file target_7.cif (mmCIF, C-alpha atoms)
data_query
#
loop_
_atom_site.group_PDB
_atom_site.id
_atom_site.type_symbol
_atom_site.label_atom_id
_atom_site.label_comp_id
_atom_site.auth_asym_id
_atom_site.auth_seq_id
_atom_site.Cartn_x
_atom_site.Cartn_y
_atom_site.Cartn_z
ATOM 1 C CA TRP A 269 -6.858 -11.256 16.751
ATOM 2 C CA TYR A 270 -8.262 -12.512 20.043
ATOM 3 C CA GLY A 271 -9.709 -15.526 18.225
ATOM 4 C CA LYS A 272 -6.347 -16.209 16.546
ATOM 5 C CA GLY A 273 -4.472 -16.907 19.746
ATOM 6 C CA ASP A 274 -3.703 -13.393 20.986
ATOM 7 C CA GLY A 275 -4.436 -12.499 24.559
ATOM 8 C CA VAL A 276 -6.902 -9.748 25.395
ATOM 9 C CA PHE A 277 -4.110 -7.180 25.829
ATOM 10 C CA ASP A 278 -2.381 -7.934 22.498
ATOM 11 C CA ALA A 279 -5.697 -8.004 20.641
ATOM 12 C CA ALA A 280 -6.706 -4.674 22.200
ATOM 13 C CA VAL A 281 -3.360 -3.053 21.349
ATOM 14 C CA LYS A 282 -3.612 -4.212 17.739
ATOM 15 C CA GLY A 283 -7.265 -3.270 17.399
ATOM 16 C CA LEU A 284 -6.964 0.179 18.953
ATOM 17 C CA GLY A 285 -3.587 0.859 17.364
ATOM 18 C CA ASN A 286 -4.800 -0.081 13.902
ATOM 19 C CA ALA A 287 -8.002 1.938 14.341
ATOM 20 C CA GLU A 288 -6.005 5.015 15.378
ATOM 21 C CA LEU A 289 -3.538 4.541 12.541
ATOM 22 C CA MET A 290 -6.308 4.196 9.946
ATOM 23 C CA ALA A 291 -8.105 7.257 11.367
ATOM 24 C CA TYR A 292 -4.887 9.265 11.115
ATOM 25 C CA ILE A 293 -4.142 8.090 7.557
ATOM 26 C CA THR A 294 -7.724 8.688 6.430
ATOM 27 C CA LYS A 295 -7.678 12.171 7.968
ATOM 28 C CA LYS A 296 -4.444 12.995 6.131
ATOM 29 C CA ASN A 297 -5.609 11.364 2.897
ATOM 30 C CA PRO A 298 -9.403 10.932 2.663
ATOM 31 C CA ALA A 299 -8.987 9.070 -0.631
ATOM 32 C CA VAL A 300 -7.876 5.991 1.349
ATOM 33 C CA GLY A 301 -11.270 5.745 3.033
ATOM 34 C CA PHE A 302 -13.052 6.335 -0.265
ATOM 35 C CA MET A 303 -10.924 3.666 -1.939
ATOM 36 C CA ASP A 304 -11.827 1.185 0.792
ATOM 37 C CA LEU A 305 -15.522 2.020 0.424
ATOM 38 C CA ILE A 306 -15.464 1.607 -3.357
ATOM 39 C CA ASN A 307 -13.432 -1.576 -2.947
ATOM 40 C CA PHE A 308 -16.010 -2.981 -0.510
ATOM 41 C CA VAL A 309 -18.993 -2.085 -2.721
ATOM 42 C CA ALA A 310 -17.367 -3.310 -5.916
ATOM 43 C CA LEU A 311 -15.371 -6.319 -4.742
ATOM 44 C CA GLY A 312 -16.278 -7.107 -1.131
ATOM 45 C CA GLY A 313 -15.812 -10.761 -0.302
ATOM 46 C CA THR A 314 -13.441 -11.568 -3.156
ATOM 47 C CA GLN A 315 -9.745 -12.318 -2.807
ATOM 48 C CA ALA A 316 -9.135 -9.339 -5.081
ATOM 49 C CA ALA A 317 -10.776 -7.079 -2.480
ATOM 50 C CA ASP A 318 -8.261 -8.243 0.131
ATOM 51 C CA VAL A 319 -5.361 -7.558 -2.226
ATOM 52 C CA ILE A 320 -6.593 -4.097 -3.232
ATOM 53 C CA SER A 321 -7.777 -2.899 0.194
ATOM 54 C CA PRO A 322 -5.437 -0.267 1.645
ATOM 55 C CA SER A 323 -6.739 -0.801 5.183
ATOM 56 C CA LYS A 324 -6.173 -4.562 4.974
ATOM 57 C CA THR A 325 -2.598 -3.965 3.851
ATOM 58 C CA ILE A 326 -1.873 -1.254 6.433
ATOM 59 C CA THR A 327 -3.428 -3.067 9.406
ATOM 60 C CA GLY A 328 -1.918 -6.379 8.327
ATOM 61 C CA THR A 329 1.519 -4.787 8.148
ATOM 62 C CA THR A 330 1.245 -3.134 11.560
ATOM 63 C CA SER A 331 -0.022 -6.371 13.132
ATOM 64 C CA TYR A 332 2.891 -8.196 11.502
ATOM 65 C CA ILE A 333 5.387 -5.690 12.944
ATOM 66 C CA TYR A 334 3.789 -5.887 16.400
ATOM 67 C CA ASP A 335 3.959 -9.688 16.305
ATOM 68 C CA MET A 336 7.595 -9.536 15.146
ATOM 69 C CA LEU A 337 8.400 -7.643 18.324
ATOM 70 C CA THR A 338 6.251 -9.647 20.752
ATOM 71 C CA LYS A 339 5.662 -13.185 19.454
ATOM 72 C CA ASP A 340 7.625 -16.377 19.064
ATOM 73 C CA PRO A 341 8.964 -16.717 15.491
ATOM 74 C CA LYS A 342 6.978 -19.959 15.038
ATOM 75 C CA VAL A 343 3.700 -18.096 15.713
ATOM 76 C CA LEU A 344 4.740 -15.391 13.259
ATOM 77 C CA GLU A 345 5.608 -17.957 10.600
ATOM 78 C CA GLU A 346 2.288 -19.798 11.051
ATOM 79 C CA ARG A 347 0.308 -16.563 10.779
ATOM 80 C CA MET A 348 2.212 -15.551 7.656
ATOM 81 C CA ARG A 349 1.574 -18.921 6.007
ATOM 82 C CA ASN A 350 -2.133 -18.660 6.883
ATOM 83 C CA GLY A 351 -2.311 -15.174 5.370
ATOM 84 C CA ASP A 352 -3.505 -13.697 8.677
ATOM 85 C CA TYR A 353 -1.722 -10.423 7.912
ATOM 86 C CA GLY A 354 -3.363 -10.130 4.503
ATOM 87 C CA PRO A 355 -2.321 -11.316 1.059
ATOM 88 C CA ASN A 356 0.092 -8.451 0.372
ATOM 89 C CA VAL A 357 2.176 -9.106 3.504
ATOM 90 C CA LYS A 358 2.147 -12.837 2.702
ATOM 91 C CA ASN A 359 3.279 -12.152 -0.884
ATOM 92 C CA PHE A 360 5.980 -9.755 0.305
ATOM 93 C CA VAL A 361 7.341 -12.315 2.769
ATOM 94 C CA ASP A 362 7.143 -15.079 0.134
ATOM 95 C CA ALA A 363 9.036 -12.863 -2.340
ATOM 96 C CA GLY A 364 11.733 -12.258 0.271
ATOM 97 C CA SER A 365 12.032 -15.987 0.850
ATOM 98 C CA ILE A 366 12.339 -16.631 -2.898
ATOM 99 C CA ALA A 367 14.988 -13.910 -3.236
ATOM 100 C CA LYS A 368 16.931 -15.380 -0.304
ATOM 101 C CA ASP A 369 16.787 -18.864 -1.844
ATOM 102 C CA ALA A 370 17.920 -17.482 -5.216
ATOM 103 C CA TRP A 371 20.843 -15.714 -3.553
ATOM 104 C CA ASN A 372 21.890 -18.761 -1.510
ATOM 105 C CA ASP A 373 21.591 -21.339 -4.307
ATOM 106 C CA PRO A 374 21.373 -19.797 -7.791
ATOM 107 C CA ALA A 375 21.571 -23.152 -9.585
ATOM 108 C CA ASP A 376 18.616 -24.584 -7.646
ATOM 109 C CA PHE A 377 16.637 -21.381 -8.211
ATOM 110 C CA LYS A 378 17.283 -21.580 -11.968
ATOM 111 C CA ARG A 379 16.137 -25.221 -12.002
ATOM 112 C CA ALA A 380 12.978 -24.344 -10.035
ATOM 113 C CA TRP A 381 12.251 -21.372 -12.304
ATOM 114 C CA ASN A 382 12.584 -23.553 -15.404
ATOM 115 C CA GLU A 383 10.114 -26.023 -13.879
ATOM 116 C CA PHE A 384 7.663 -23.208 -13.111
ATOM 117 C CA ALA A 385 7.902 -21.378 -16.429
ATOM 118 C CA THR A 386 6.705 -24.267 -18.558
ATOM 119 C CA VAL A 387 5.018 -24.085 -21.928
ATOM 120 C CA ASN A 388 3.341 -27.362 -22.820
ATOM 121 C CA GLU A 389 2.959 -27.405 -26.600
ATOM 122 C CA ASP A 390 0.828 -30.573 -26.421
ATOM 123 C CA GLY A 391 -2.017 -28.704 -24.736
ATOM 124 C CA GLY A 392 -1.423 -30.120 -21.281
ATOM 125 C CA SER A 393 -1.132 -28.232 -18.028
ATOM 126 C CA ASP A 394 1.573 -25.614 -17.743
ATOM 127 C CA SER A 395 2.275 -22.525 -15.672
ATOM 128 C CA PHE A 396 -0.297 -20.542 -17.670
ATOM 129 C CA THR A 397 -3.038 -22.997 -16.721
ATOM 130 C CA ASP A 398 -2.159 -22.294 -13.085
ATOM 131 C CA MET A 399 -2.275 -18.531 -13.722
ATOM 132 C CA TYR A 400 -5.768 -18.736 -15.251
ATOM 133 C CA LYS A 401 -6.919 -20.774 -12.236
ATOM 134 C CA THR A 402 -5.469 -18.160 -9.869
ATOM 135 C CA SER A 403 -7.271 -15.418 -11.805
ATOM 136 C CA GLU A 404 -10.534 -17.351 -11.520
ATOM 137 C CA ASP A 405 -10.069 -17.759 -7.756
ATOM 138 C CA LEU A 406 -8.997 -14.142 -7.288
ATOM 139 C CA TRP A 407 -12.070 -12.660 -8.966
ATOM 140 C CA ARG A 408 -14.667 -15.233 -7.820
ATOM 141 C CA VAL A 409 -17.806 -13.502 -6.544
ATOM 142 C CA PRO A 410 -18.940 -14.851 -3.153
ATOM 143 C CA GLU A 411 -21.978 -17.113 -3.114
ATOM 144 C CA GLY A 412 -25.174 -15.312 -2.246
ATOM 145 C CA THR A 413 -24.155 -12.104 -4.024
ATOM 146 C CA HIS A 414 -27.203 -10.494 -5.627
ATOM 147 C CA ARG A 415 -27.277 -11.104 -9.359
ATOM 148 C CA TYR A 416 -27.403 -7.352 -10.103
ATOM 149 C CA SER A 417 -24.653 -6.457 -7.646
ATOM 150 C CA PRO A 418 -21.875 -4.225 -9.020
ATOM 151 C CA ARG A 419 -19.461 -6.834 -7.636
ATOM 152 C CA ARG A 420 -20.398 -9.158 -10.480
ATOM 153 C CA LEU A 421 -19.599 -6.561 -13.136
ATOM 154 C CA VAL A 422 -16.358 -5.425 -11.509
ATOM 155 C CA SER A 423 -15.236 -9.023 -10.962
ATOM 156 C CA TRP A 424 -16.062 -9.874 -14.575
ATOM 157 C CA VAL A 425 -14.071 -6.882 -15.855
ATOM 158 C CA GLY A 426 -11.182 -7.649 -13.475
ATOM 159 C CA ARG A 427 -11.040 -11.288 -14.459
ATOM 160 C CA ASN A 428 -11.168 -10.532 -18.177
ATOM 161 C CA ALA A 429 -8.439 -7.903 -17.832
ATOM 162 C CA THR A 430 -6.263 -10.291 -15.807
ATOM 163 C CA ASP A 431 -6.879 -13.134 -18.255
ATOM 164 C CA GLY A 432 -5.976 -10.781 -21.114
ATOM 165 C CA VAL A 433 -2.611 -10.012 -19.552
ATOM 166 C CA ILE A 434 -2.014 -13.728 -18.949
ATOM 167 C CA ALA A 435 -2.997 -14.504 -22.560
ATOM 168 C CA ALA A 436 -0.519 -11.913 -23.858
ATOM 169 C CA GLY A 437 2.241 -13.485 -21.785
ATOM 170 C CA GLU A 438 1.205 -16.948 -22.897
ATOM 171 C CA GLY A 439 1.254 -15.885 -26.553
ATOM 172 C CA ALA A 440 4.730 -14.403 -26.154
ATOM 173 C CA ALA A 441 5.984 -17.525 -24.369
ATOM 174 C CA ARG A 442 4.535 -19.889 -26.969
ATOM 175 C CA THR A 443 5.937 -17.770 -29.805
ATOM 176 C CA GLY A 444 9.336 -17.660 -28.109
ATOM 177 C CA SER A 445 9.233 -21.408 -27.526
ATOM 178 C CA TRP A 446 8.343 -22.071 -31.164
ATOM 179 C CA PHE A 447 11.009 -19.665 -32.414
ATOM 180 C CA GLY A 448 13.587 -21.236 -30.102
ATOM 181 C CA ARG A 449 12.845 -24.711 -31.465
ATOM 182 C CA LYS A 450 12.976 -23.534 -35.083
ATOM 183 C CA THR A 451 16.274 -21.681 -34.652
ATOM 184 C CA ALA A 452 17.986 -24.060 -32.205
ATOM 185 C CA ASN A 453 20.360 -25.443 -34.846
ATOM 186 C CA TRP A 454 21.157 -22.210 -36.656
ATOM 187 C CA PHE A 455 24.312 -21.448 -34.741
#

call {"tool": "encode", "arguments": {"input": "target_7.cif", "output": "structure tokens"}}
result
Amino acid sequence: WYGKGDGVFDAAVKGLGNAELMAYITKKNPAVGFMDLINFVALGGTQAADVISPSKTITGTTSYIYDMLTKDPKVLEERMRNGDYGPNVKNFVDAGSIAKDAWNDPADFKRAWNEFATVNEDGGSDSFTDMYKTSEDLWRVPEGTHRYSPRRLVSWVGRNATDGVIAAGEGAARTGSWFGRKTANWF
């Protein structure tokens, strides 16, 4: 955190506080430490590893709370947008923002949702194309990873599982779209 604009004191408080918190949690539940170890061996360096890591989520959340109490809101907002608190905190904050927007302007939210949830029957880009790209980025193995590393296997399995879920959703959406067009004039 010192390199991200925090002073020595703030960086030390976060570092020591997070270390103590993780030691306490790991002592109470050793599975957390084991999960982090397995996560590092299997996925280290991928975006998926950051999402799955319990320590990244816990320390990111505590740093976020500390900054909420001590920093200017503009600094907090910049750090959230950069993902400095980890992907789960960023996603949680983004979800809150989306929910707030939906509450404040339901018509605009519905319009935006309809733009996002597109099914392009002509084979062009749609929201599913974006989901496959996100899956590819999420499970990408870092360059320089040994070709027999377990990270390659785990990333391959993770990507195929994620793509399978996306494909099921895509199939349901395309079927629903087709059915909607065929039955549009029935009533």

call {"tool": "residues_around", "arguments": {"input": "target_7.cif", "residues": "segment 289-294 of chain A", "least_positions_apart": "2", "cutoff": "12 Å", "atoms": "all atoms listed in the file", "output": "list of chain:residue names"}}
result
A:Val281, A:Lys282, A:Gly283, A:Leu284, A:Gly285, A:Asn286, A:Ala287, A:Lys296, A:Asn297, A:Pro298, A:Ala299, A:Val300, A:Gly301, A:Phe302, A:Met303, A:Asp304, A:Leu305, A:Pro322, A:Ser323, A:Lys324, A:Thr325, A:Ile326, A:Thr327, A:Gly328, A:Thr329, A:Thr330, A:Ser331

call {"tool": "closest_atom_pairs", "arguments": {"input": "target_7.cif", "of": "segment 313-399 of chain A", "to": "segment 273-277 of chain A", "cutoff": "12 Å", "atoms": "only C-alpha atoms", "output": "CSV"}}
result
residue,atom,partner,partner_atom,distance
A:Ser331,CA,A:Asp274,CA,11.2
A:Tyr334,CA,A:Asp274,CA,11.6
A:Asp335,CA,A:Asp274,CA,9.7
A:Thr338,CA,A:Asp274,CA,10.6
A:Lys339,CA,A:Asp274,CA,9.5
A:Asp340,CA,A:Asp274,CA,11.9
A:Val343,CA,A:Gly273,CA,9.2
A:Leu344,CA,A:Gly273,CA,11.4
A:Glu346,CA,A:Gly273,CA,11.4
A:Arg347,CA,A:Gly273,CA,10.2
A:Asp352,CA,A:Gly273,CA,11.6

call {"tool": "closest_residue", "arguments": {"input": "target_7.cif", "among": "A:Asp369, A:Asp362, A:Gly313, A:Arg449", "to": "Gly412 of chain A", "atoms": "all atoms listed in the file"}}
result
A:Gly313

call {"tool": "atom_distance", "arguments": {"input": "target_7.cif", "atom1": "atom CA of Tyr400 of chain A", "atom2": "atom CA of Ile434 of chain A"}}
result
7.3 Å

call {"tool": "atom_distance", "arguments": {"input": "target_7.cif", "atom1": "atom CA of Arg427 of chain A", "atom2": "atom CA of Asn356 of chain A"}}
result
18.8 Å

call {"tool": "atom_distance", "arguments": {"input": "target_7.cif", "atom1": "atom CA of Asp405 of chain A", "atom2": "atom CA of Ser423 of chain A"}}
result
10.6 Å

call {"tool": "closest_residue", "arguments": {"input": "target_7.cif", "among": "A:Trp371, A:Trp407, A:Trp454, A:Trp381", "to": "Ala317 of chain A", "atoms": "only C-alpha atoms"}}
result
A:Trp407

call {"tool": "closest_residue", "arguments": {"input": "target_7.cif", "among": "A:Met336, A:Ala310, A:Ala380, A:Val319", "to": "Asn359 of chain A", "atoms": "only C-alpha atoms"}}
result
A:Val319

call {"tool": "closest_residue", "arguments": {"input": "target_7.cif", "among": "A:Gln315, A:Asn372, A:Ser365, A:Thr402", "to": "Gly351 of chain A", "atoms": "only C-alpha atoms"}}
result
A:Gln315

call {"tool": "decode", "arguments": {"input": "target_7.cif", "residues": "segment 322-368 of chain A", "atoms": "N, CA and C atoms", "output": "short mmCIF file (atom, residue, chain, number, x, y, z; two decimals), in the first residue's frame"}}
result
data_model
loop_
_atom_site.label_atom_id
_atom_site.label_comp_id
_atom_site.auth_asym_id
_atom_site.auth_seq_id
_atom_site.Cartn_x
_atom_site.Cartn_y
_atom_site.Cartn_z
N PRO A 322 -9.19 -16.51 -0.55
CA PRO A 322 -9.83 -15.94 0.63
C PRO A 322 -9.00 -14.81 1.25
N SER A 323 -7.68 -14.93 1.24
CA SER A 323 -6.87 -13.88 1.85
C SER A 323 -6.95 -12.59 1.05
N LYS A 324 -7.01 -12.68 -0.26
CA LYS A 324 -7.14 -11.48 -1.09
C LYS A 324 -8.47 -10.77 -0.79
N THR A 325 -9.52 -11.55 -0.63
CA THR A 325 -10.83 -10.97 -0.34
C THR A 325 -10.86 -10.37 1.06
N ILE A 326 -10.33 -11.08 2.04
CA ILE A 326 -10.36 -10.60 3.42
C ILE A 326 -9.49 -9.36 3.58
N THR A 327 -8.26 -9.40 3.09
CA THR A 327 -7.37 -8.24 3.25
C THR A 327 -7.83 -7.07 2.40
N GLY A 328 -8.38 -7.35 1.24
CA GLY A 328 -8.93 -6.27 0.41
C GLY A 328 -10.10 -5.57 1.10
N THR A 329 -10.95 -6.37 1.74
CA THR A 329 -12.10 -5.80 2.44
C THR A 329 -11.66 -4.96 3.64
N THR A 330 -10.71 -5.47 4.42
CA THR A 330 -10.27 -4.69 5.58
C THR A 330 -9.54 -3.42 5.16
N SER A 331 -8.77 -3.48 4.08
CA SER A 331 -8.11 -2.27 3.58
C SER A 331 -9.14 -1.27 3.08
N TYR A 332 -10.19 -1.76 2.44
CA TYR A 332 -11.28 -0.92 1.96
C TYR A 332 -11.96 -0.21 3.14
N ILE A 333 -12.25 -0.96 4.20
CA ILE A 333 -12.90 -0.37 5.38
C ILE A 333 -11.98 0.67 6.03
N TYR A 334 -10.70 0.35 6.16
CA TYR A 334 -9.75 1.30 6.75
C TYR A 334 -9.72 2.58 5.92
N ASP A 335 -9.66 2.44 4.60
CA ASP A 335 -9.63 3.62 3.73
C ASP A 335 -10.94 4.40 3.80
N MET A 336 -12.06 3.70 3.98
CA MET A 336 -13.34 4.40 4.12
C MET A 336 -13.31 5.34 5.32
N LEU A 337 -12.62 4.90 6.37
CA LEU A 337 -12.58 5.70 7.60
C LEU A 337 -11.51 6.78 7.57
N THR A 338 -10.48 6.64 6.73
CA THR A 338 -9.33 7.54 6.82
C THR A 338 -9.02 8.32 5.54
N LYS A 339 -9.58 7.95 4.42
CA LYS A 339 -9.19 8.57 3.15
C LYS A 339 -10.29 9.46 2.58
N ASP A 340 -9.89 10.31 1.69
CA ASP A 340 -10.80 11.13 0.90
C ASP A 340 -11.63 10.20 0.00
N PRO A 341 -12.91 10.46 -0.17
CA PRO A 341 -13.74 9.59 -1.02
C PRO A 341 -13.21 9.45 -2.45
N LYS A 342 -12.54 10.46 -2.98
CA LYS A 342 -11.99 10.37 -4.34
C LYS A 342 -10.88 9.31 -4.41
N VAL A 343 -10.06 9.22 -3.37
CA VAL A 343 -9.00 8.21 -3.31
C VAL A 343 -9.63 6.82 -3.25
N LEU A 344 -10.66 6.69 -2.43
CA LEU A 344 -11.37 5.42 -2.28
C LEU A 344 -11.98 4.99 -3.61
N GLU A 345 -12.62 5.93 -4.29
CA GLU A 345 -13.25 5.63 -5.57
C GLU A 345 -12.21 5.19 -6.61
N GLU A 346 -11.08 5.90 -6.66
CA GLU A 346 -10.02 5.55 -7.62
C GLU A 346 -9.48 4.14 -7.34
N ARG A 347 -9.25 3.83 -6.08
CA ARG A 347 -8.73 2.52 -5.71
C ARG A 347 -9.74 1.41 -6.02
N MET A 348 -11.02 1.70 -5.82
CA MET A 348 -12.04 0.71 -6.17
C MET A 348 -12.06 0.46 -7.66
N ARG A 349 -12.02 1.53 -8.45
CA ARG A 349 -12.05 1.38 -9.91
C ARG A 349 -10.82 0.62 -10.42
N ASN A 350 -9.68 0.82 -9.76
CA ASN A 350 -8.45 0.13 -10.16
C ASN A 350 -8.42 -1.32 -9.69
N GLY A 351 -9.35 -1.70 -8.82
CA GLY A 351 -9.36 -3.05 -8.29
C GLY A 351 -8.29 -3.28 -7.22
N ASP A 352 -7.84 -2.19 -6.59
CA ASP A 352 -6.78 -2.31 -5.58
C ASP A 352 -7.19 -3.14 -4.37
N TYR A 353 -8.48 -3.23 -4.11
CA TYR A 353 -8.97 -4.00 -2.97
C TYR A 353 -9.30 -5.44 -3.35
N GLY A 354 -9.03 -5.81 -4.57
CA GLY A 354 -9.32 -7.15 -5.05
C GLY A 354 -10.59 -7.16 -5.89
N PRO A 355 -10.72 -8.18 -6.73
CA PRO A 355 -11.87 -8.22 -7.64
C PRO A 355 -13.20 -8.41 -6.94
N ASN A 356 -13.24 -9.11 -5.81
CA ASN A 356 -14.52 -9.33 -5.15
C ASN A 356 -15.07 -8.04 -4.54
N VAL A 357 -14.21 -7.22 -3.94
CA VAL A 357 -14.66 -5.94 -3.39
C VAL A 357 -15.12 -5.04 -4.54
N LYS A 358 -14.35 -5.03 -5.64
CA LYS A 358 -14.73 -4.22 -6.80
C LYS A 358 -16.10 -4.66 -7.34
N ASN A 359 -16.30 -5.97 -7.46
CA ASN A 359 -17.58 -6.48 -7.97
C ASN A 359 -18.73 -6.15 -7.02
N PHE A 360 -18.47 -6.25 -5.72
CA PHE A 360 -19.49 -5.94 -4.73
C PHE A 360 -19.90 -4.47 -4.81
N VAL A 361 -18.91 -3.59 -4.93
CA VAL A 361 -19.19 -2.16 -5.03
C VAL A 361 -19.90 -1.85 -6.36
N ASP A 362 -19.46 -2.49 -7.45
CA ASP A 362 -20.13 -2.30 -8.74
C ASP A 362 -21.58 -2.76 -8.68
N ALA A 363 -21.83 -3.90 -8.01
CA ALA A 363 -23.20 -4.41 -7.88
C ALA A 363 -24.06 -3.44 -7.09
N GLY A 364 -23.49 -2.85 -6.04
CA GLY A 364 -24.23 -1.86 -5.27
C GLY A 364 -24.57 -0.64 -6.11
N SER A 365 -23.64 -0.23 -6.94
CA SER A 365 -23.88 0.92 -7.82
C SER A 365 -24.98 0.61 -8.83
N ILE A 366 -24.96 -0.60 -9.37
CA ILE A 366 -25.99 -1.01 -10.34
C ILE A 366 -27.36 -1.06 -9.65
N ALA A 367 -27.40 -1.62 -8.44
CA ALA A 367 -28.66 -1.69 -7.71
C ALA A 367 -29.20 -0.29 -7.40
N LYS A 368 -28.30 0.61 -7.03
CA LYS A 368 -28.71 1.99 -6.74
C LYS A 368 -29.28 2.65 -8.00
#
